[in-house]
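Text of run-v8.cif (mmCIF, C-alpha atoms and all ligand atoms) as supplied:
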```cif
data_my_file
#
loop_
_atom_site.label_atom_id
_atom_site.label_comp_id
_atom_site.auth_asym_id
_atom_site.auth_seq_id
_atom_site.Cartn_x
_atom_site.Cartn_y
_atom_site.Cartn_z
CA MET E 519 9.77 -16.54 -36.10
CA LEU E 520 10.44 -15.71 -32.48
CA LYS E 521 8.26 -13.02 -31.00
CA ALA E 522 10.14 -9.81 -30.32
CA ARG E 523 10.55 -9.28 -26.62
CA PRO E 524 11.09 -5.60 -26.04
CA PHE E 525 11.32 -5.61 -22.26
CA PHE E 526 11.64 -8.73 -20.24
CA VAL E 527 9.99 -11.98 -20.97
CA LEU E 528 8.99 -14.65 -18.55
CA LYS E 529 8.26 -17.78 -20.44
CA TYR E 530 6.81 -18.89 -17.23
CA TYR E 531 5.14 -21.29 -14.97
CA PHE E 532 4.43 -20.00 -11.51
CA TYR E 533 1.98 -20.70 -8.82
CA VAL E 534 -0.47 -18.61 -6.85
CA ASN E 535 -2.53 -19.43 -3.80
CA LEU E 536 -5.62 -19.94 -5.83
CA ASP E 537 -8.06 -22.56 -6.73
CA PHE E 538 -6.93 -23.79 -10.15
CA ASN E 539 -10.51 -23.80 -11.37
CA LYS E 540 -10.71 -20.04 -10.88
CA CYS E 541 -7.43 -19.53 -12.64
CA MET E 542 -8.14 -20.39 -16.23
CA ASP E 543 -4.99 -18.89 -17.64
CA ILE E 544 -2.52 -20.31 -15.19
CA ASN E 545 -1.00 -22.91 -17.49
CA LYS E 546 -0.57 -20.67 -20.48
CA ASP E 547 2.63 -19.09 -21.68
CA TYR E 548 2.75 -15.31 -21.65
CA ASP E 549 5.17 -12.91 -23.20
CA LEU E 550 4.96 -10.65 -20.19
CA ILE E 551 3.67 -11.19 -16.66
CA CYS E 552 3.36 -8.21 -14.36
CA VAL E 553 2.99 -8.80 -10.64
CA GLY E 554 1.12 -5.94 -8.96
CA GLY E 555 -1.60 -3.60 -10.13
CA GLY E 556 0.18 -0.28 -9.63
CA ILE E 557 1.38 2.41 -12.03
CA MET E 558 4.52 0.45 -12.94
CA SER E 559 2.76 -2.65 -14.28
CA ALA E 560 0.17 -0.49 -16.02
CA THR E 561 2.84 1.60 -17.75
CA LEU E 562 5.01 -1.33 -18.75
CA ALA E 563 2.09 -3.33 -20.09
CA LEU E 564 0.71 -0.38 -22.02
CA LEU E 565 4.09 0.53 -23.49
CA ALA E 566 4.57 -3.08 -24.55
CA LYS E 567 1.10 -3.26 -26.09
CA SER E 568 1.58 0.07 -27.88
CA ILE E 569 4.72 -1.27 -29.52
CA GLN E 570 3.52 -4.80 -30.10
CA PRO E 571 -0.25 -5.25 -29.71
CA GLU E 572 -0.12 -9.01 -30.21
CA LEU E 573 1.90 -9.59 -27.03
CA SER E 574 0.10 -11.74 -24.48
CA ILE E 575 0.17 -10.14 -21.05
CA LEU E 576 -1.00 -11.29 -17.65
CA ILE E 577 -1.28 -8.88 -14.71
CA LEU E 578 -1.84 -10.17 -11.18
CA GLU E 579 -2.85 -8.08 -8.18
CA ARG E 580 -3.21 -9.40 -4.64
CA LEU E 581 -5.81 -6.82 -3.55
CA ASP E 582 -9.36 -6.57 -4.83
CA ASP E 583 -8.64 -3.54 -7.02
CA VAL E 584 -5.76 -1.78 -8.75
CA ALA E 585 -3.99 1.38 -7.53
CA GLN E 586 -4.52 0.73 -3.83
CA GLU E 587 -0.91 0.91 -2.60
CA SER E 588 1.79 3.49 -3.42
CA SER E 589 0.03 4.55 -6.61
CA ALA E 590 -3.13 5.54 -4.71
CA ALA E 591 -3.52 9.33 -4.67
CA TRP E 592 -3.36 9.62 -0.88
CA ASN E 593 -0.27 7.41 -0.61
CA ASN E 594 2.19 9.57 -2.53
CA ALA E 595 2.96 13.26 -2.79
CA GLY E 596 2.08 13.46 -6.48
CA THR E 597 4.93 15.72 -7.55
CA GLY E 598 5.81 13.55 -10.48
CA HIS E 599 9.43 13.44 -9.28
CA SER E 600 10.76 15.77 -11.91
CA ALA E 601 13.68 16.95 -9.74
CA LEU E 602 12.30 20.48 -9.66
CA CYS E 603 12.13 20.52 -5.87
CA GLU E 604 13.62 17.24 -4.60
CA LEU E 605 16.94 18.18 -3.03
CA ASN E 606 18.14 14.60 -2.77
CA TYR E 607 18.75 14.57 -6.52
CA THR E 608 21.40 17.29 -6.21
CA PRO E 609 23.90 16.20 -3.56
CA GLU E 610 26.78 18.42 -2.56
CA LYS E 611 30.14 16.98 -3.58
CA GLU E 612 33.17 16.88 -1.28
CA ASP E 613 34.65 19.93 -2.99
CA GLY E 614 31.45 21.86 -2.21
CA SER E 615 30.11 21.89 -5.76
CA ILE E 616 26.69 20.48 -6.68
CA ASN E 617 26.27 17.22 -8.57
CA CYS E 618 23.41 17.79 -11.03
CA THR E 619 23.64 14.46 -12.87
CA LYS E 620 20.74 12.75 -11.15
CA ALA E 621 18.48 15.80 -11.38
CA LEU E 622 19.01 16.00 -15.14
CA GLN E 623 18.29 12.29 -15.52
CA ILE E 624 15.10 12.43 -13.41
CA PHE E 625 13.87 15.56 -15.19
CA ASN E 626 14.42 13.83 -18.52
CA GLN E 627 12.56 10.71 -17.38
CA PHE E 628 9.55 12.72 -16.27
CA GLU E 629 9.50 14.52 -19.63
CA ILE E 630 9.33 11.11 -21.31
CA SER E 631 6.45 10.12 -19.00
CA LYS E 632 4.61 13.29 -20.03
CA GLN E 633 5.25 12.49 -23.69
CA PHE E 634 3.77 9.03 -23.20
CA TRP E 635 0.67 10.49 -21.52
CA SER E 636 0.39 13.04 -24.37
CA PHE E 637 0.55 10.15 -26.84
CA LEU E 638 -2.34 8.46 -25.01
CA ILE E 639 -4.34 11.70 -25.17
CA GLN E 640 -3.61 12.09 -28.89
CA LYS E 641 -4.78 8.52 -29.47
CA GLY E 642 -8.02 9.44 -27.70
CA PHE E 643 -7.40 6.91 -24.92
CA ILE E 644 -7.42 9.68 -22.31
CA LYS E 645 -10.06 12.33 -22.84
CA SER E 646 -8.46 15.15 -20.91
CA PRO E 647 -5.17 15.66 -19.07
CA GLN E 648 -7.11 17.48 -16.34
CA GLU E 649 -8.25 14.07 -15.22
CA PHE E 650 -4.89 13.43 -13.61
CA ILE E 651 -2.35 16.26 -14.06
CA HIS E 652 -2.29 19.95 -13.11
CA ASN E 653 0.25 22.72 -13.13
CA VAL E 654 1.45 23.51 -9.61
CA PRO E 655 4.67 25.41 -8.88
CA HIS E 656 7.31 23.36 -7.07
CA TYR E 657 9.08 25.04 -4.17
CA SER E 658 12.09 24.03 -2.12
CA TRP E 659 12.38 25.72 1.24
CA VAL E 660 15.21 25.45 3.78
CA THR E 661 16.18 27.09 7.05
CA GLY E 662 19.56 27.99 8.56
CA GLU E 663 22.76 29.35 7.10
CA LYS E 664 24.22 26.07 5.89
CA ASN E 665 21.08 24.89 4.13
CA SER E 666 20.45 28.30 2.61
CA ASN E 667 23.99 28.37 1.18
CA TYR E 668 23.47 24.89 -0.24
CA LEU E 669 20.17 25.90 -1.88
CA GLU E 670 21.79 28.96 -3.42
CA LYS E 671 24.65 26.87 -4.82
CA ARG E 672 22.12 24.37 -6.16
CA PHE E 673 20.21 27.20 -7.82
CA GLU E 674 23.40 28.59 -9.41
CA ALA E 675 24.34 25.15 -10.74
CA LEU E 676 20.90 24.19 -12.06
CA LYS E 677 19.96 27.48 -13.70
CA GLU E 678 22.80 26.90 -16.17
CA LYS E 679 20.86 23.92 -17.55
CA PHE E 680 18.09 24.89 -19.92
CA MET E 681 15.52 22.67 -18.16
CA PHE E 682 15.99 24.66 -14.95
CA SER E 683 16.72 28.06 -16.48
CA ASN E 684 13.43 29.51 -15.18
CA MET E 685 14.20 28.59 -11.56
CA GLU E 686 13.80 31.47 -9.11
CA PHE E 687 15.72 31.84 -5.85
CA THR E 688 15.06 34.06 -2.83
CA LYS E 689 16.19 34.71 0.71
CA ASP E 690 13.60 37.46 1.04
CA PHE E 691 10.93 36.94 3.69
CA ASP E 692 8.31 38.94 1.77
CA VAL E 693 8.82 36.94 -1.41
CA MET E 694 8.45 33.71 0.55
CA LYS E 695 5.32 35.07 2.19
CA GLN E 696 3.94 35.61 -1.28
CA TRP E 697 5.03 32.16 -2.51
CA PHE E 698 3.73 30.12 0.44
CA PRO E 699 1.94 32.37 2.96
CA LEU E 700 0.83 29.68 5.39
CA MET E 701 4.39 28.47 5.95
CA MET E 702 5.48 32.00 6.83
CA ASN E 703 2.96 32.28 9.65
CA ASP E 704 4.78 32.74 12.98
CA ARG E 705 8.11 33.37 11.23
CA SER E 706 10.02 36.63 11.12
CA GLU E 707 12.42 38.45 8.84
CA GLU E 708 15.21 37.52 11.26
CA ASP E 709 14.86 33.83 10.45
CA VAL E 710 17.52 32.63 8.03
CA MET E 711 15.66 30.90 5.19
CA ALA E 712 15.92 30.38 1.46
CA ALA E 713 13.63 29.04 -1.24
CA THR E 714 13.48 28.20 -4.91
CA LYS E 715 10.47 28.16 -7.18
CA MET E 716 9.85 26.29 -10.42
CA GLN E 717 6.70 27.55 -12.05
CA ASN E 718 6.36 24.60 -14.42
CA GLY E 719 5.87 21.90 -11.76
CA THR E 720 3.04 19.41 -11.90
CA GLU E 721 0.70 17.67 -9.51
CA VAL E 722 -0.18 14.16 -10.64
CA ASN E 723 -3.04 12.05 -9.36
CA TYR E 724 -1.37 8.69 -9.84
CA GLY E 725 -4.43 6.82 -8.57
CA VAL E 726 -6.66 8.20 -11.32
CA LEU E 727 -3.93 7.77 -13.92
CA THR E 728 -3.24 4.17 -12.92
CA LYS E 729 -6.91 3.24 -13.12
CA ARG E 730 -7.19 4.93 -16.50
CA LEU E 731 -4.18 3.01 -17.85
CA TYR E 732 -5.75 -0.29 -16.78
CA GLN E 733 -9.00 0.79 -18.39
CA ILE E 734 -7.12 1.37 -21.66
CA LEU E 735 -5.45 -2.02 -21.37
CA GLU E 736 -8.82 -3.66 -20.88
CA ASP E 737 -10.82 -1.69 -23.48
CA GLU E 738 -8.24 -1.38 -26.24
CA TYR E 739 -6.01 -4.41 -25.77
CA ASN E 740 -8.15 -6.94 -23.95
CA VAL E 741 -5.71 -7.21 -21.05
CA VAL E 742 -7.59 -7.70 -17.82
CA VAL E 743 -5.98 -7.40 -14.40
CA GLN E 744 -6.65 -10.48 -12.35
CA CYS E 745 -7.31 -9.18 -8.84
CA ASN E 746 -7.30 -11.16 -5.57
CA GLN E 747 -4.28 -13.07 -6.84
CA ASP E 748 -1.39 -13.23 -4.46
CA VAL E 749 1.77 -14.37 -6.19
CA LEU E 750 3.73 -16.33 -3.63
CA GLU E 751 6.83 -17.15 -5.57
CA ILE E 752 8.10 -17.11 -9.10
CA ALA E 753 9.83 -20.21 -10.33
CA PHE E 754 11.93 -20.46 -13.42
CA PRO E 755 11.73 -24.02 -14.63
CA GLU E 756 14.40 -25.18 -16.97
CA PHE E 757 13.36 -27.11 -19.99
CA VAL E 758 15.35 -29.73 -21.78
CA TYR E 759 14.29 -31.22 -25.02
CA SER E 760 14.38 -34.93 -25.54
CA GLU E 761 15.46 -36.34 -28.85
CA ASN E 762 11.94 -36.52 -30.19
CA GLY E 763 11.52 -32.86 -29.44
CA LYS E 764 9.19 -33.36 -26.51
CA LYS E 765 9.59 -30.79 -23.75
CA VAL E 766 10.67 -32.14 -20.38
CA LEU E 767 10.51 -30.16 -17.17
CA ALA E 768 14.00 -30.40 -15.77
CA GLY E 769 14.07 -28.49 -12.54
CA ILE E 770 12.67 -25.82 -10.30
CA VAL E 771 14.23 -24.41 -7.17
CA PRO E 772 11.33 -23.12 -5.14
CA THR E 773 11.24 -21.34 -1.81
CA TRP E 774 8.18 -22.32 0.14
CA LYS E 775 6.22 -19.74 1.95
CA LYS E 776 3.11 -21.63 2.97
CA ASN E 777 2.51 -24.87 4.81
CA ASP E 778 0.35 -26.21 2.06
CA SER E 779 2.81 -25.15 -0.63
CA GLU E 780 4.18 -28.63 -1.19
CA SER E 781 0.89 -30.15 -2.23
CA PHE E 782 0.17 -27.04 -4.22
CA PHE E 783 3.53 -27.37 -5.92
CA ASN E 784 2.90 -31.02 -6.73
CA GLU E 785 -0.38 -30.06 -8.32
CA TYR E 786 1.38 -27.28 -10.15
CA LEU E 787 4.02 -29.66 -11.50
CA LYS E 788 1.34 -32.08 -12.58
CA ARG E 789 -0.44 -29.30 -14.45
CA CYS E 790 2.81 -28.18 -16.06
CA ASN E 791 3.58 -31.67 -17.24
CA GLU E 792 0.05 -32.15 -18.50
CA THR E 793 0.37 -28.91 -20.44
CA LEU E 794 3.65 -30.05 -21.89
CA ASN E 795 2.20 -33.47 -22.72
CA ILE E 796 4.88 -35.24 -20.75
C1 LIG D 801 4.85 8.53 0.81
C2 LIG D 801 5.20 8.43 -0.66
C3 LIG D 801 5.30 9.60 -1.41
C4 LIG D 801 5.61 9.52 -2.77
N1 LIG D 801 5.66 10.66 -3.50
C5 LIG D 801 5.88 10.59 -4.82
C6 LIG D 801 5.85 11.77 -5.62
O1 LIG D 801 5.60 12.85 -5.14
N2 LIG D 801 6.11 11.65 -6.95
C7 LIG D 801 6.38 10.45 -7.53
O2 LIG D 801 6.60 10.41 -8.73
N3 LIG D 801 6.41 9.32 -6.80
C8 LIG D 801 6.17 9.37 -5.47
N4 LIG D 801 6.19 8.24 -4.72
C9 LIG D 801 6.56 7.00 -5.37
C10 LIG D 801 5.42 6.41 -6.19
O3 LIG D 801 4.20 6.47 -5.47
C11 LIG D 801 5.80 4.97 -6.47
O4 LIG D 801 7.07 4.92 -7.07
C12 LIG D 801 4.83 4.29 -7.42
O5 LIG D 801 3.49 4.47 -7.02
C13 LIG D 801 5.19 2.81 -7.41
O6 LIG D 801 4.32 2.15 -8.29
P1 LIG D 801 4.30 0.58 -8.29
O7 LIG D 801 3.34 0.14 -9.34
O8 LIG D 801 5.70 0.06 -8.36
O9 LIG D 801 3.83 0.18 -6.83
P2 LIG D 801 2.31 0.11 -6.16
O10 LIG D 801 1.43 1.20 -6.66
O11 LIG D 801 2.56 0.01 -4.71
O12 LIG D 801 1.79 -1.24 -6.76
C14 LIG D 801 2.31 -2.48 -6.37
C15 LIG D 801 1.15 -3.45 -6.34
O13 LIG D 801 1.67 -4.77 -6.20
C16 LIG D 801 0.77 -5.51 -5.41
N5 LIG D 801 1.52 -6.65 -4.93
C17 LIG D 801 2.58 -6.64 -4.11
N6 LIG D 801 3.02 -7.90 -3.92
C18 LIG D 801 2.22 -8.71 -4.65
C19 LIG D 801 2.17 -10.12 -4.85
N7 LIG D 801 3.03 -10.93 -4.27
N8 LIG D 801 1.22 -10.64 -5.66
C20 LIG D 801 0.33 -9.81 -6.28
N9 LIG D 801 0.33 -8.47 -6.11
C21 LIG D 801 1.26 -7.92 -5.31
C22 LIG D 801 0.35 -4.53 -4.34
O14 LIG D 801 -0.88 -4.90 -3.75
C23 LIG D 801 0.22 -3.24 -5.16
O15 LIG D 801 -1.10 -3.04 -5.64
C24 LIG D 801 5.86 8.26 -3.38
C25 LIG D 801 5.74 7.09 -2.62
C26 LIG D 801 5.40 7.17 -1.28
C27 LIG D 801 5.23 5.88 -0.50
#
```
Using structure tokens, write down the structure that the file contains.
Ligand SMILES: Cc1cc2nc3c(=O)[nH]c(=O)nc-3n(C[C@H](O)[C@H](O)[C@H](O)COP(=O)(O)OP(=O)(O)OC[C@H]3O[C@@H](n4cnc5c(N)ncnc54)[C@H](O)[C@@H]3O)c2cc1C
Amino acid sequence: MLKARPFFVLKYYFYVNLDFNKCMDINKDYDLICVGGGIMSATLALLAKSIQPELSILILERLDDVAQESSAAWNNAGTGHSALCELNYTPEKEDGSINCTKALQIFNQFEISKQFWSFLIQKGFIKSPQEFIHNVPHYSWVTGEKNSNYLEKRFEALKEKFMFSNMEFTKDFDVMKQWFPLMMNDRSEEDVMAATKMQNGTEVNYGVLTKRLYQILEDEYNVVVQCNQDVLEIAFPEFVYSENGKKVLAGIVPTWKKNDSESFFNEYLKRCNETLNI
């Protein structure tokens, strides 16, 4: 029976700039290969393993640890992108009305993320949500007449949706001073400003979360991230089957990125063919 492949499957052979001896698993087939040790690979791999624990997964990271790039705590704002405060998810249409479609979609996606994290807590994989998530109100703040009118229209449109029904709106200087006092320093009641508040916003430490997800993958599912592995290119070889059923490597269209890639590729092909017993 074919293995179920819930996401995407790379029945793969690819090459990395590594000594083959250090790369024991390089000639194996995997159901799923994730390039990069950030929150995305961690989430995908963990979702896949939760659904189908027998899946074989390989994760490759070019740096010497996971969660060092965008998923590192200091490299993102940590709002969780729930569309509570991000104005770009509610563009103004030509007729002046507000398009809420994207905001509803993003809100929904973040709710699903929270459900997944809750599932991991219920399973005992994460001891406490305080490790990585806290309640922090999300504010949007704008200045000037045009922007203030836009924010008010956005508020009117969103508050109709139950997810945003607790949104608060103000043009009042004193309320804003209460909401975010530092930002009101050196401003006066004459300034035209507006703001919204969503009490149920979150602050997410994606760095901590990402590391925790990889820890779960390692401890519970025996999936280890292979660090210091720079994937140069991914090739999709085509296989044809000869009459006796033997696999034959038919073709790869590579793009070279390194001077020594050709010899590396030759070695790679040799290893592929050895693996396939050609
Ligand atoms: C300034 C900023 C603010 C943000 N604010 C928010 C926010 O408030 N809320 C929110 O939800 N999101 C926010 N984001 C977005 C969020 O941080 C990213 O969407 C998320 O971290 C992306 O995760 P990732 O796993 O795709 O990428 P990363 O965490 O960047 O992981 C990618 C990994 O791939 C590795 N890699 C790359 N190429 C190769 C290769 N060839 N071989 C091997 N490894 C490779 C990298 O070294 C890296 O470790 C923000 C992003 C930025 C930059």
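Distances to Gln586 of chain E were evaluated for E:Glu572, E:Asp547, E:Gly719, E:Ile557 using all atoms listed in the file, and the minimum falls at E:Ile557.
Closest approach to ligand LIG 801 (chain D) among E:Ala585, E:Leu576, E:Leu669, E:Leu550: E:Ala585, based on all atoms listed in the file.
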Between atom CA of Ala713 of chain E and atom N2 of ligand LIG 801 (chain D) lies a distance of 19.8 Å
Please identify every polymer residue within 9 Å of ligand LIG 801 (chain D), using all atoms listed in the file, and present the set as number ranges by chain. E: 534, 552-561, 577-600, 628, 721-722, 724-725, 728, 745-751
Contacts of segment 688-693 of chain E within 6 Å, all atoms listed in the file, excl. fewer than 4 positions in-chain, as a ChimeraX atom specification: /E:707,711-713
Distance of atom CA of Asn667 of chain E from atom CA of Thr619 of chain E, expressed in Å to one decimal place: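 A separation of 19.8 Å between them.
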Atom CA of Asn684 of chain E and atom CA of Met716 of chain E are how many Å apart? 6.8 Å
Residues within 9 Å of (19.9, 12.6, -8.2), counting only C-alpha atoms, listed as a list in words: Ala601, Glu604, Leu605, Asn606, Tyr607, Thr608, Pro609, Asn617, Cys618, Thr619, Lys620, Ala621, Leu622, Gln623 and Ile624 of chain E
List as a ChimeraX atom specification: which residues have an atom within 7 Å of (3.5, 24.6, -10.0), counting only C-alpha atoms? /E:653-656,716-720
Which residue, E:Glu736, E:Glu649, E:Asp709, E:Glu610, has the smallest gap to Arg672 of chain E when you use only C-alpha atoms?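 Going through E:Glu736, E:Glu649, E:Asp709, E:Glu610 one by one, the smallest distance to Arg672 of chain E is for E:Glu610.
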All residues 12 Å or closer to Gln648 of chain E, all atoms listed in the file, same chain fewer than 2 positions away omitted, as a list in words: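 The filter keeps Trp635, Ser636, Ile639, Ile644, Lys645, Ser646, Phe650, Ile651, His652, Asn653, Thr720, Glu721, Val722, Asn723, Val726 and Leu727 of chain E.
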Which one is closest to Leu735 of chain E: E:Phe625, E:Phe637, E:Gly662, E:Phe643? Count all atoms listed in the file.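 The closest residue to Leu735 of chain E is E:Phe643.
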Taking into account only C-alpha atoms, which residue in the set E:Leu700, E:Leu638, E:Ala563, E:Met685 is nearest to Cys603 of chain E?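 Closest candidate: E:Met685.
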